[in-house]
>>> print(open('model_37.cif').read())   # mmCIF, C-alpha atoms
data_upload
#
loop_
_atom_site.label_atom_id
_atom_site.label_comp_id
_atom_site.auth_asym_id
_atom_site.auth_seq_id
_atom_site.Cartn_x
_atom_site.Cartn_y
_atom_site.Cartn_z
CA MET A 1 201.72 60.93 61.55
CA SER A 2 201.16 59.34 64.95
CA GLU A 3 197.85 59.35 66.82
CA ASP A 4 199.58 58.51 70.11
CA LYS A 5 202.07 61.36 70.07
CA LYS A 6 201.54 63.87 72.89
CA LEU A 7 202.96 67.29 73.67
CA ASN A 8 205.59 67.62 76.39
CA MET A 9 205.35 70.21 79.16
CA PRO A 10 207.20 73.08 77.38
CA GLN A 11 205.13 72.53 74.24
CA SER A 12 201.93 72.41 76.31
CA LEU A 13 202.77 75.68 78.05
CA LEU A 14 203.63 77.37 74.75
CA LEU A 15 200.36 76.24 73.17
CA LEU A 16 198.33 77.46 76.16
CA LEU A 17 200.17 80.78 76.12
CA LEU A 18 199.34 81.32 72.44
CA ILE A 19 195.67 80.42 72.95
CA ILE A 20 195.27 82.62 76.02
CA GLY A 21 197.00 85.43 74.13
CA ALA A 22 194.63 85.12 71.16
CA VAL A 23 191.57 85.21 73.43
CA ALA A 24 192.96 88.07 75.53
CA VAL A 25 193.70 90.22 72.47
CA CYS A 26 190.15 89.83 71.14
CA ILE A 27 188.65 90.66 74.53
CA ARG A 28 190.98 93.62 75.03
CA LEU A 29 190.21 95.07 71.59
CA LYS A 30 186.47 94.53 72.16
CA THR A 31 186.08 92.99 68.71
CA GLY A 32 184.02 89.82 68.81
CA GLY A 33 184.73 89.05 72.45
CA PRO A 34 186.27 85.64 73.17
CA MET A 35 184.48 84.01 70.22
CA ILE A 36 187.06 84.89 67.54
CA GLY A 37 189.94 84.14 69.90
CA LEU A 38 188.51 80.70 70.65
CA PHE A 39 187.98 80.10 66.94
CA MET A 40 191.62 81.02 66.35
CA SER A 41 192.63 78.46 68.99
CA TRP A 42 191.52 75.74 66.57
CA ILE A 43 193.82 77.18 63.91
CA ILE A 44 196.71 77.43 66.39
CA ILE A 45 196.22 73.78 67.40
CA TYR A 46 196.11 72.75 63.74
CA LEU A 47 199.44 74.50 63.06
CA PHE A 48 200.97 72.85 66.13
CA CYS A 49 199.87 69.44 64.87
CA LYS A 50 201.36 70.07 61.42
CA VAL A 51 204.69 71.33 62.76
CA LEU A 52 205.03 68.44 65.25
CA ARG A 53 203.63 65.85 62.81
CA ILE A 54 200.65 64.88 64.94
CA ASN A 55 197.52 63.47 63.29
CA TYR A 56 195.13 66.43 63.33
CA GLU A 57 192.11 64.30 62.41
CA HIS A 58 192.58 62.31 65.62
CA VAL A 59 192.92 65.53 67.62
CA VAL A 60 189.92 67.31 66.10
CA ASN A 61 187.77 64.24 66.72
CA GLY A 62 188.43 64.95 70.40
CA ALA A 63 186.78 68.35 69.85
CA TYR A 64 183.72 66.78 68.24
CA ASP A 65 183.42 64.21 71.04
CA ALA A 66 183.57 66.99 73.64
CA ILE A 67 180.97 69.09 71.82
CA ARG A 68 178.58 66.14 71.71
CA VAL A 69 178.60 66.11 75.52
CA VAL A 70 177.37 69.73 75.73
CA VAL A 71 174.74 69.55 72.95
CA PRO A 72 171.94 69.23 75.56
CA THR A 73 173.27 72.41 77.23
CA LEU A 74 173.27 74.25 73.90
CA CYS A 75 169.65 73.26 73.32
CA LEU A 76 168.86 74.37 76.87
CA LEU A 77 170.37 77.80 76.24
CA MET A 78 168.26 78.41 73.16
CA ALA A 79 165.14 77.19 74.96
CA ILE A 80 165.85 79.60 77.83
CA GLY A 81 166.19 82.44 75.31
CA VAL A 82 162.74 81.63 73.94
CA MET A 83 161.27 81.42 77.43
CA ILE A 84 162.73 84.77 78.54
CA GLY A 85 161.33 86.53 75.48
CA THR A 86 157.84 85.10 75.93
CA TRP A 87 157.87 85.75 79.68
CA LEU A 88 158.70 89.38 79.02
CA GLN A 89 155.90 89.79 76.50
CA SER A 90 153.30 88.00 78.62
CA GLY A 91 153.93 90.24 81.64
CA THR A 92 155.27 87.40 83.82
CA ILE A 93 158.55 89.13 84.58
CA ALA A 94 156.80 92.51 84.87
CA THR A 95 154.53 91.05 87.57
CA ILE A 96 157.52 89.71 89.49
CA ILE A 97 159.26 93.09 89.17
CA VAL A 98 156.27 95.10 90.41
CA GLY A 99 155.72 92.68 93.30
CA GLY A 100 159.38 92.89 94.25
CA LEU A 101 159.45 96.70 94.08
CA LYS A 102 156.39 96.96 96.28
CA LEU A 103 157.32 94.36 98.88
CA ILE A 104 161.06 94.39 99.49
CA ASN A 105 163.11 96.72 101.61
CA PRO A 106 165.58 98.32 99.18
CA THR A 107 168.46 97.88 101.63
CA TRP A 108 168.15 94.10 101.36
CA LEU A 109 169.24 92.46 98.17
CA LEU A 110 166.46 90.03 97.35
CA PRO A 111 168.27 88.39 94.34
CA LEU A 112 170.63 86.31 96.52
CA ILE A 113 167.87 84.64 98.59
CA PHE A 114 165.25 84.51 95.82
CA CYS A 115 167.56 82.82 93.30
CA ALA A 116 169.03 80.53 95.96
CA VAL A 117 165.58 79.21 96.93
CA LEU A 118 164.48 78.85 93.30
CA SER A 119 167.65 76.95 92.34
CA LEU A 120 167.39 74.76 95.43
CA VAL A 121 163.80 73.83 94.57
CA THR A 122 164.27 73.34 90.83
CA GLY A 123 167.88 72.14 90.70
CA THR A 124 168.91 74.47 87.89
CA SER A 125 170.89 77.69 88.07
CA TYR A 126 170.26 78.23 84.35
CA GLY A 127 166.51 78.41 84.88
CA SER A 128 166.81 80.58 88.00
CA VAL A 129 169.02 83.13 86.29
CA GLY A 130 166.93 83.13 83.11
CA SER A 131 163.67 83.71 84.98
CA ALA A 132 164.07 85.29 88.42
CA GLY A 133 167.53 86.67 87.60
CA VAL A 134 166.22 88.80 84.74
CA ALA A 135 163.51 90.21 86.99
CA MET A 136 166.01 90.92 89.76
CA MET A 137 168.22 92.85 87.34
CA ALA A 138 165.28 95.06 86.46
CA ILE A 139 164.47 95.63 90.13
CA GLY A 140 168.09 96.55 90.83
CA ASN A 141 168.06 98.94 87.88
CA ALA A 142 164.92 100.61 89.21
CA MET A 143 166.54 101.01 92.62
CA GLY A 144 169.71 102.46 91.13
CA ILE A 145 171.93 99.61 92.38
CA HIS A 146 175.16 98.81 90.54
CA PRO A 147 174.33 96.14 87.89
CA GLY A 148 177.47 94.14 88.68
CA MET A 149 176.42 93.84 92.31
CA VAL A 150 172.91 92.67 91.43
CA ALA A 151 174.28 90.20 88.87
CA GLY A 152 176.77 88.94 91.45
CA ALA A 153 173.97 88.38 93.97
CA VAL A 154 171.87 86.58 91.35
CA ILE A 155 174.75 84.30 90.35
CA CYS A 156 175.79 83.56 93.94
CA GLY A 157 172.22 82.69 94.89
CA ALA A 158 171.67 80.54 91.81
CA MET A 159 174.95 78.66 92.27
CA PHE A 160 174.26 78.09 95.98
CA GLY A 161 170.91 76.46 95.26
CA ASP A 162 172.20 74.50 92.27
CA LYS A 163 175.17 73.20 94.29
CA LEU A 164 173.05 71.86 97.17
CA SER A 165 169.90 70.76 95.34
CA PRO A 166 169.44 66.95 95.07
CA LEU A 167 167.75 67.66 91.73
CA SER A 168 170.88 69.26 90.23
CA ASP A 169 172.91 67.32 87.67
CA THR A 170 176.26 68.36 89.18
CA THR A 171 175.08 67.43 92.69
CA ASN A 172 174.41 63.92 91.42
CA LEU A 173 177.44 63.65 89.12
CA ALA A 174 180.10 64.60 91.69
CA PRO A 175 179.29 61.83 94.21
CA ALA A 176 178.87 59.33 91.37
CA VAL A 177 182.41 60.07 90.17
CA ALA A 178 183.89 60.13 93.70
CA GLY A 179 182.04 57.01 94.89
CA SER A 180 180.11 58.69 97.71
CA LYS A 181 176.42 58.70 98.64
CA LEU A 182 174.26 61.65 97.65
CA ASN A 183 173.11 62.40 101.21
CA ASP A 184 176.69 62.27 102.55
CA HIS A 185 177.78 64.53 99.69
CA VAL A 186 175.14 67.19 100.40
CA ARG A 187 175.84 67.13 104.17
CA SER A 188 179.55 67.51 103.51
CA MET A 189 178.97 70.50 101.21
CA LEU A 190 177.10 72.33 103.96
CA TRP A 191 180.45 72.83 105.75
CA THR A 192 181.89 74.92 102.94
CA THR A 193 178.76 76.40 101.37
CA LEU A 194 176.59 77.59 104.28
CA PRO A 195 179.22 79.78 106.00
CA THR A 196 180.16 81.43 102.70
CA PHE A 197 176.49 81.99 101.85
CA VAL A 198 175.96 83.78 105.19
CA ILE A 199 179.10 85.89 104.65
CA SER A 200 177.96 86.73 101.12
CA LEU A 201 174.51 87.72 102.39
CA VAL A 202 176.04 90.07 104.97
CA LEU A 203 178.34 91.62 102.36
CA PHE A 204 175.48 92.19 99.92
CA VAL A 205 173.30 93.72 102.65
CA ILE A 206 176.09 96.14 103.58
CA LEU A 207 176.68 97.03 99.94
CA GLY A 208 172.93 97.36 99.38
CA ILE A 209 172.61 99.82 102.24
CA SER A 210 175.50 101.90 100.93
CA GLN A 211 174.06 101.85 97.41
CA THR A 212 170.53 102.93 98.31
CA SER A 213 170.97 105.13 101.39
CA GLY A 214 172.22 108.21 99.55
CA ASN A 215 170.23 108.76 96.37
CA TYR A 216 167.37 106.30 96.71
CA GLU A 217 163.94 107.86 96.32
CA THR A 218 160.59 106.12 96.47
CA GLY A 219 159.38 108.23 93.57
CA ASN A 220 161.90 106.57 91.28
CA LEU A 221 160.33 103.18 91.92
CA LEU A 222 156.81 104.51 91.43
CA THR A 223 157.82 105.70 87.96
CA TYR A 224 158.93 102.18 87.00
CA ILE A 225 155.83 100.61 88.52
CA ASP A 226 153.53 103.00 86.63
CA ALA A 227 155.39 102.31 83.37
CA LEU A 228 155.04 98.54 83.77
CA GLN A 229 151.39 98.74 84.79
CA GLY A 230 150.72 100.96 81.79
CA GLU A 231 152.39 98.47 79.43
CA PHE A 232 150.93 95.20 80.77
CA LYS A 233 147.85 93.77 82.43
CA LEU A 234 149.27 92.36 85.66
CA GLY A 235 147.80 89.72 87.94
CA PHE A 236 147.80 86.06 88.89
CA ILE A 237 147.26 84.97 85.26
CA THR A 238 150.62 86.39 84.21
CA LEU A 239 152.35 84.22 86.85
CA LEU A 240 151.04 80.98 85.28
CA PRO A 241 154.16 80.46 83.09
CA ALA A 242 156.39 80.72 86.19
CA ILE A 243 154.18 78.36 88.16
CA ALA A 244 154.15 75.94 85.23
CA ILE A 245 157.92 75.65 84.95
CA ILE A 246 158.38 75.13 88.69
CA ILE A 247 155.82 72.31 88.69
CA LEU A 248 157.31 70.72 85.56
CA LEU A 249 160.86 70.78 86.95
CA LEU A 250 159.70 69.37 90.28
CA CYS A 251 158.01 66.56 88.34
CA LYS A 252 161.39 65.94 86.65
CA VAL A 253 160.12 66.71 83.17
CA ASN A 254 162.98 67.19 80.69
CA ALA A 255 164.42 70.69 81.13
CA VAL A 256 164.13 71.71 77.45
CA VAL A 257 160.55 70.44 77.33
CA SER A 258 159.74 72.27 80.59
CA LEU A 259 161.11 75.53 79.21
CA GLY A 260 159.23 75.03 75.95
CA LEU A 261 155.93 74.33 77.67
CA SER A 262 156.41 77.36 79.91
CA ALA A 263 157.11 79.48 76.81
CA ILE A 264 153.94 78.14 75.17
CA CYS A 265 152.00 78.98 78.34
CA ALA A 266 153.48 82.50 78.24
CA GLY A 267 152.52 82.79 74.57
CA ALA A 268 148.95 81.83 75.44
CA VAL A 269 148.87 84.50 78.17
CA SER A 270 150.20 87.07 75.68
CA PHE A 271 147.59 86.12 73.09
CA PHE A 272 144.47 85.78 75.26
CA TYR A 273 145.27 88.17 78.13
CA GLN A 274 147.68 90.81 76.79
CA GLY A 275 146.12 90.96 73.30
CA ALA A 276 149.32 90.15 71.37
CA THR A 277 149.17 88.73 67.85
CA LEU A 278 150.53 85.31 66.94
CA GLN A 279 153.08 86.93 64.64
CA SER A 280 154.42 89.14 67.44
CA ILE A 281 154.65 86.17 69.83
CA ILE A 282 156.75 84.18 67.35
CA ARG A 283 158.89 87.24 66.60
CA VAL A 284 159.54 87.82 70.32
CA ALA A 285 160.39 84.12 70.82
CA TYR A 286 163.20 84.54 68.30
CA ASN A 287 164.29 88.19 68.56
CA GLY A 288 163.43 88.93 72.19
CA TYR A 289 161.47 91.76 73.77
CA SER A 290 162.62 95.36 73.52
CA ILE A 291 159.86 97.62 74.91
CA LEU A 292 160.76 99.74 77.96
CA GLN A 293 164.43 99.20 77.14
CA THR A 294 165.70 100.42 80.50
CA ILE A 295 163.88 97.50 82.12
CA LEU A 296 162.85 94.84 79.58
CA ASN A 297 165.16 94.44 76.62
CA ARG A 298 166.42 90.88 76.28
CA GLY A 299 165.49 87.29 75.54
CA GLY A 300 164.80 85.43 72.31
CA MET A 301 166.54 82.47 70.72
CA SER A 302 168.76 84.70 68.58
CA SER A 303 170.25 86.30 71.72
CA MET A 304 171.76 82.91 72.63
CA LEU A 305 173.27 81.97 69.27
CA GLN A 306 176.55 83.80 69.82
CA TYR A 307 176.93 82.10 73.19
CA VAL A 308 176.26 78.73 71.60
CA ALA A 309 179.14 79.47 69.21
CA ILE A 310 181.48 80.44 72.06
CA ILE A 311 180.67 77.27 73.99
CA CYS A 312 181.19 75.08 70.91
CA PHE A 313 184.63 76.54 70.17
CA ALA A 314 185.67 76.56 73.86
CA VAL A 315 184.58 73.01 74.64
CA GLY A 316 186.02 71.78 71.33
CA MET A 317 189.33 73.42 72.20
CA GLY A 318 189.30 71.60 75.55
CA GLY A 319 188.71 68.27 73.82
CA MET A 320 191.67 68.83 71.49
CA LEU A 321 193.97 69.89 74.33
CA ASP A 322 193.02 66.71 76.17
CA ARG A 323 193.90 64.59 73.11
CA LEU A 324 197.26 66.37 72.86
CA GLY A 325 198.09 65.53 76.48
CA VAL A 326 198.18 69.15 77.63
CA LEU A 327 195.82 68.48 80.51
CA GLY A 328 197.75 65.43 81.66
CA ASN A 329 201.03 67.35 81.73
CA LEU A 330 199.57 70.10 83.89
CA LEU A 331 197.85 67.71 86.28
CA ASN A 332 200.94 65.54 86.77
CA ALA A 333 202.98 68.62 87.66
CA ILE A 334 200.43 69.54 90.34
CA VAL A 335 200.04 66.07 91.86
CA ASN A 336 203.78 65.67 92.51
CA HIS A 337 203.64 68.26 95.35
CA ILE A 338 201.04 66.53 97.57
CA ASN A 339 202.22 65.60 101.10
CA SER A 340 199.20 66.15 103.42
CA ASP A 341 195.39 66.17 103.47
CA GLY A 342 195.40 69.95 103.12
CA SER A 343 197.78 69.93 100.17
CA LEU A 344 195.72 67.14 98.54
CA ILE A 345 192.52 69.19 98.81
CA ALA A 346 194.31 72.33 97.62
CA ALA A 347 195.77 70.39 94.67
CA SER A 348 192.35 68.93 93.85
CA LEU A 349 190.84 72.42 93.81
CA LEU A 350 193.63 73.62 91.53
CA VAL A 351 193.13 70.64 89.22
CA GLY A 352 189.40 71.41 89.17
CA TYR A 353 190.11 74.98 88.09
CA VAL A 354 192.56 73.83 85.42
CA THR A 355 190.12 71.29 83.98
CA SER A 356 187.34 73.91 84.00
CA LEU A 357 189.63 76.46 82.38
CA ILE A 358 190.50 74.07 79.56
CA SER A 359 187.34 71.96 79.13
CA CYS A 360 184.82 74.80 79.76
CA SER A 361 182.45 72.12 81.00
CA GLN A 362 181.38 71.25 84.54
CA PRO A 363 180.68 67.55 83.84
CA MET A 364 184.05 67.14 82.10
CA SER A 365 185.81 68.91 84.97
CA HIS A 366 184.20 66.58 87.52
CA VAL A 367 185.02 63.44 85.55
CA LEU A 368 188.64 64.37 84.76
CA THR A 369 189.45 65.69 88.23
CA GLY A 370 187.57 62.95 90.06
CA ASN A 371 189.17 60.07 88.16
CA MET A 372 192.65 61.48 88.69
CA MET A 373 192.35 62.41 92.38
CA LYS A 374 190.24 59.47 93.57
CA PRO A 375 193.19 57.07 94.04
CA LEU A 376 195.07 59.73 96.01
CA PHE A 377 192.11 60.28 98.35
CA LYS A 378 191.87 56.52 98.86
CA SER A 379 195.58 56.24 99.62
CA ARG A 380 195.20 58.86 102.38
CA LYS A 381 191.97 57.15 103.58
CA ILE A 382 189.90 60.33 103.12
CA ALA A 383 186.15 59.72 102.83
CA PRO A 384 184.80 59.95 99.26
CA GLU A 385 182.30 62.69 100.14
CA ILE A 386 185.27 65.01 100.82
CA LEU A 387 186.44 64.43 97.24
CA SER A 388 182.94 64.98 95.82
CA ARG A 389 182.64 68.18 97.88
CA THR A 390 185.98 69.38 96.54
CA LEU A 391 184.87 68.65 92.97
CA GLU A 392 181.88 70.93 93.48
CA ASP A 393 183.82 73.64 95.33
CA ALA A 394 186.04 74.10 92.27
CA GLY A 395 184.47 72.46 89.21
CA THR A 396 180.91 73.66 89.79
CA LEU A 397 181.63 77.13 91.16
CA SER A 398 184.45 78.03 88.77
CA GLY A 399 182.19 78.33 85.71
CA PRO A 400 180.97 81.93 86.20
CA MET A 401 184.53 83.06 87.01
CA ILE A 402 186.01 81.98 83.65
CA PRO A 403 185.10 84.43 80.84
CA TRP A 404 184.87 81.76 78.09
CA HIS A 405 183.24 79.05 80.21
CA GLY A 406 179.72 78.09 79.15
CA TYR A 407 178.27 79.12 82.50
CA CYS A 408 179.88 82.55 82.45
CA VAL A 409 178.91 83.15 78.83
CA TYR A 410 175.30 82.31 79.64
CA MET A 411 175.15 84.38 82.84
CA SER A 412 176.67 87.42 81.15
CA GLY A 413 174.40 87.21 78.12
CA THR A 414 171.20 86.55 80.03
CA LEU A 415 171.72 89.22 82.68
CA GLY A 416 173.19 91.73 80.23
CA VAL A 417 176.25 92.39 82.41
CA ALA A 418 179.87 91.90 81.34
CA TRP A 419 182.07 89.40 83.20
CA SER A 420 184.46 92.12 84.33
CA VAL A 421 181.56 94.01 85.93
CA PHE A 422 180.07 91.19 88.05
CA PHE A 423 183.27 89.24 88.81
CA PRO A 424 184.26 91.32 91.89
CA TYR A 425 180.89 90.48 93.50
CA LEU A 426 181.07 86.67 93.21
CA PHE A 427 181.80 86.36 96.95
CA LEU A 428 180.34 82.87 97.37
CA LEU A 429 182.36 81.47 94.47
CA TYR A 430 185.80 82.44 95.66
CA LEU A 431 185.20 82.18 99.41
CA THR A 432 184.02 78.56 99.28
CA PRO A 433 187.38 77.11 98.08
CA LEU A 434 189.15 79.07 100.84
CA PHE A 435 186.98 77.36 103.45
CA SER A 436 187.67 74.01 101.77
CA ILE A 437 191.44 74.57 102.02
CA PHE A 438 191.12 75.77 105.63
CA TYR A 439 189.24 72.61 106.60
CA GLY A 440 191.84 70.50 104.79
CA PHE A 441 194.77 71.85 106.76
CA THR A 442 192.96 72.01 110.12
CA GLY A 443 191.15 68.67 109.79
CA ILE A 444 187.73 70.23 110.46
CA SER A 445 184.96 68.18 108.77
CA ILE A 446 187.58 65.90 107.13
CA ARG A 447 186.38 62.33 107.71
CA HIS A 448 188.70 59.38 107.22
CA THR A 449 187.76 55.80 106.46
CA ASP A 450 189.33 52.55 107.65
CA ASP A 451 191.02 49.98 105.45
CA ALA A 452 187.94 47.78 105.26
CA GLN A 453 185.84 50.61 103.82
CA ASN A 454 188.56 51.37 101.27
#
>>> encode(input="model_37.cif", output="structure tokens")
Amino acid sequence: MSEDKKLNMPQSLLLLLLIIGAVAVCIRLKTGGPMIGLFMSWIIIYLFCKVLRINYEHVVNGAYDAIRVVVPTLCLLMAIGVMIGTWLQSGTIATIIVGGLKLINPTWLLPLIFCAVLSLVTGTSYGSVGSAGVAMMAIGNAMGIHPGMVAGAVICGAMFGDKLSPLSDTTNLAPAVAGSKLNDHVRSMLWTTLPTFVISLVLFVILGISQTSGNYETGNLLTYIDALQGEFKLGFITLLPAIAIIILLLCKVNAVVSLGLSAICAGAVSFFYQGATLQSIIRVAYNGYSILQTILNRGGMSSMLQYVAIICFAVGMGGMLDRLGVLGNLLNAIVNHINSDGSLIAASLLVGYVTSLISCSQPMSHVLTGNMMKPLFKSRKIAPEILSRTLEDAGTLSGPMIPWHGYCVYMSGTLGVAWSVFFPYLFLLYLTPLFSIFYGFTGISIRHTDDAQN
């Protein structure tokens, strides 16, 4: 059996069709979600290798190499689960909820701005969704707002801040791959991200008004506030875990360590201030918090284990498809139709979506797309920050839109909202690429370099 043998285009399309079918059937039947379908993709790939006499050991090693890349993310997910559970028990999230219910106008959706600012400051959409996002979901629930709309606002805000923050890993990776400077990259992204953020904000405000103008009653919020104040001691002390993680992330302390220290701080608040026992703190860190289930009913390391499994199988599948040449076949077919700056940017966005769809990893999407499209951008003398911006417009923002992508799996599990429910409200995520294509064909914000710079 040959290690160098690759699939041709018809074989690649057939394999993808079988894998997508397996995942779709499991999702449609609501039995195990995408996890079992993704697991079956490994079996389908194995059978393909046997029939076509391709060395499966070489192919499956591609899966293991890909999974190694996302191990830090898997650890981060479990750490976030622990932090959410302990924050719930300590009253940290309850304090944020009560403050939000008392201070905000219910016709304005706070989640978009709140999560955007938090992600921009900390550089992590994971942390923003896992902390502020959970609180925003509870506030939306208390106000009677559609959960998909609140989740969409949370995700849009978190992705906006993560995309523009100089502290974000993707914001640093994209220019590194494209060969641009970080400052040029961030300035270039403002062209596509700021207008769509403003449009998204307007849309959410309009939807918020329509959601709360008919059946919203102040008494409903007072009931939630009284329930939370009856369950927890609220005050500045309960905000210490939130303050701790913001300071730690700003000081560039390792993300997993920051989450762990914040969880320990929350455990200390639970023990000394809320009167919880050590046994209950450890139990909540693993199983999550389930008191006042209409408001606080998630978190814990165990809540993330199924998502860790999904990410492992999905990313591993992407690694095997890359070894089989499936990705190369699809990308080559796309590249052959490029004849202008606009078509190049549109093709790069499409390649970014394809790599995200298959690899289920933002870093892998940036590296694969960037390395392939970089020579084409140079040949058309387009500045490298336009390429890095395009990588982010597709590779970074596509995650929450793909049901089996690690980002989407995390967002759905943490916020407790299914992908199909929040997908229609991801305005920022699917408007940004449209602006990118528009700029490509009109030449707006598209900077070209001279031969010396190339």
>>> closest_residue(input="model_37.cif", among="A:Gly148, A:Pro384, A:Gly352, A:Gly62", to="Thr369 (chain A)", atoms="all atoms listed in the file")
A:Gly352
>>> closest_residue(input="model_37.cif", among="A:Ala63, A:Ile20, A:Met149, A:Val367", to="Ala174 (chain A)", atoms="all atoms listed in the file")
A:Val367
>>> resolve_selection(input="model_37.cif", expression="the PyMOL selection byres ((chain A and resi 422) around 6)", output="list in words")
Gly148, Ala151, Gly152, Trp419, Ser420, Val421, Phe423, Pro424 and Tyr425 of chain A
>>> atom_distance(input="model_37.cif", atom1="CA of Ser270 (chain A)", atom2="CA of Val253 (chain A)")
23.9 Å
>>> residues_around(input="model_37.cif", residues="region 430-436 of chain A", least_positions_apart="6", cutoff="7 Å", atoms="all atoms listed in the file", output="list in words")
Thr192, Thr193, Thr196, Asp393 and Ala394 of chain A
>>> closest_residue(input="model_37.cif", among="A:Leu234, A:Ala314, A:Ala383, A:Val284", to="Thr95 (chain A)", atoms="only C-alpha atoms")
A:Leu234
>>> closest_residue(input="model_37.cif", among="A:Leu76, A:Arg68, A:Asn329, A:Thr170", to="Met9 (chain A)", atoms="only C-alpha atoms")
A:Asn329
>>> resolve_selection(input="model_37.cif", expression="the PyMOL selection byres ((chain A and resi 439) around 12)", output="list in words")
Ser188, Met189, Trp191, Thr192, Asp341, Gly342, Ser343, Leu344, Ile345, Ala346, Ile386, Arg389, Thr390, Thr432, Pro433, Leu434, Phe435, Ser436, Ile437, Phe438, Gly440, Phe441, Thr442, Gly443, Ile444, Ser445, Ile446 and Arg447 of chain A
>>> atom_distance(input="model_37.cif", atom1="CA of Trp404 (chain A)", atom2="CA of Cys360 (chain A)")
7.2 Å
>>> residues_near_point(input="model_37.cif", point="(176.1, 89.3, 104.4)", cutoff="12 Å", atoms="only C-alpha atoms", output="PyMOL selection string")
chain A and resi 107-110+112-113+153+156+194-209+425+427-428
>>> atom_distance(input="model_37.cif", atom1="CA of Leu357 (chain A)", atom2="CA of Tyr407 (chain A)")
11.7 Å
>>> resolve_selection(input="model_37.cif", expression="the PyMOL selection byres ((chain A and resi 378-381) around 6)", output="PyMOL selection string")
chain A and resi 375-377+382+448-449
>>> residues_near_point(input="model_37.cif", point="(172.7, 81.9, 81.8)", cutoff="12 Å", atoms="all atoms listed in the file", output="JSON list (two decimals) with C-alpha atoms, in the frame of the given file")
[["chain", "number", "residue", "atom", "x", "y", "z"],
["A", 73, "THR", "CA", 173.27, 72.41, 77.23],
["A", 74, "LEU", "CA", 173.27, 74.25, 73.90],
["A", 76, "LEU", "CA", 168.86, 74.37, 76.87],
["A", 77, "LEU", "CA", 170.37, 77.80, 76.24],
["A", 78, "MET", "CA", 168.26, 78.41, 73.16],
["A", 79, "ALA", "CA", 165.14, 77.19, 74.96],
["A", 80, "ILE", "CA", 165.85, 79.60, 77.83],
["A", 81, "GLY", "CA", 166.19, 82.44, 75.31],
["A", 84, "ILE", "CA", 162.73, 84.77, 78.54],
["A", 124, "THR", "CA", 168.91, 74.47, 87.89],
["A", 125, "SER", "CA", 170.89, 77.69, 88.07],
["A", 126, "TYR", "CA", 170.26, 78.23, 84.35],
["A", 127, "GLY", "CA", 166.51, 78.41, 84.88],
["A", 128, "SER", "CA", 166.81, 80.58, 88.00],
["A", 129, "VAL", "CA", 169.02, 83.13, 86.29],
["A", 130, "GLY", "CA", 166.93, 83.13, 83.11],
["A", 131, "SER", "CA", 163.67, 83.71, 84.98],
["A", 132, "ALA", "CA", 164.07, 85.29, 88.42],
["A", 133, "GLY", "CA", 167.53, 86.67, 87.60],
["A", 134, "VAL", "CA", 166.22, 88.80, 84.74],
["A", 151, "ALA", "CA", 174.28, 90.20, 88.87],
["A", 154, "VAL", "CA", 171.87, 86.58, 91.35],
["A", 155, "ILE", "CA", 174.75, 84.30, 90.35],
["A", 158, "ALA", "CA", 171.67, 80.54, 91.81],
["A", 159, "MET", "CA", 174.95, 78.66, 92.27],
["A", 299, "GLY", "CA", 165.49, 87.29, 75.54],
["A", 303, "SER", "CA", 170.25, 86.30, 71.72],
["A", 304, "MET", "CA", 171.76, 82.91, 72.63],
["A", 307, "TYR", "CA", 176.93, 82.10, 73.19],
["A", 308, "VAL", "CA", 176.26, 78.73, 71.60],
["A", 399, "GLY", "CA", 182.19, 78.33, 85.71],
["A", 400, "PRO", "CA", 180.97, 81.93, 86.20],
["A", 405, "HIS", "CA", 183.24, 79.05, 80.21],
["A", 406, "GLY", "CA", 179.72, 78.09, 79.15],
["A", 407, "TYR", "CA", 178.27, 79.12, 82.50],
["A", 408, "CYS", "CA", 179.88, 82.55, 82.45],
["A", 409, "VAL", "CA", 178.91, 83.15, 78.83],
["A", 410, "TYR", "CA", 175.30, 82.31, 79.64],
["A", 411, "MET", "CA", 175.15, 84.38, 82.84],
["A", 412, "SER", "CA", 176.67, 87.42, 81.15],
["A", 413, "GLY", "CA", 174.40, 87.21, 78.12],
["A", 414, "THR", "CA", 171.20, 86.55, 80.03],
["A", 415, "LEU", "CA", 171.72, 89.22, 82.68],
["A", 416, "GLY", "CA", 173.19, 91.73, 80.23],
["A", 417, "VAL", "CA", 176.25, 92.39, 82.41]]
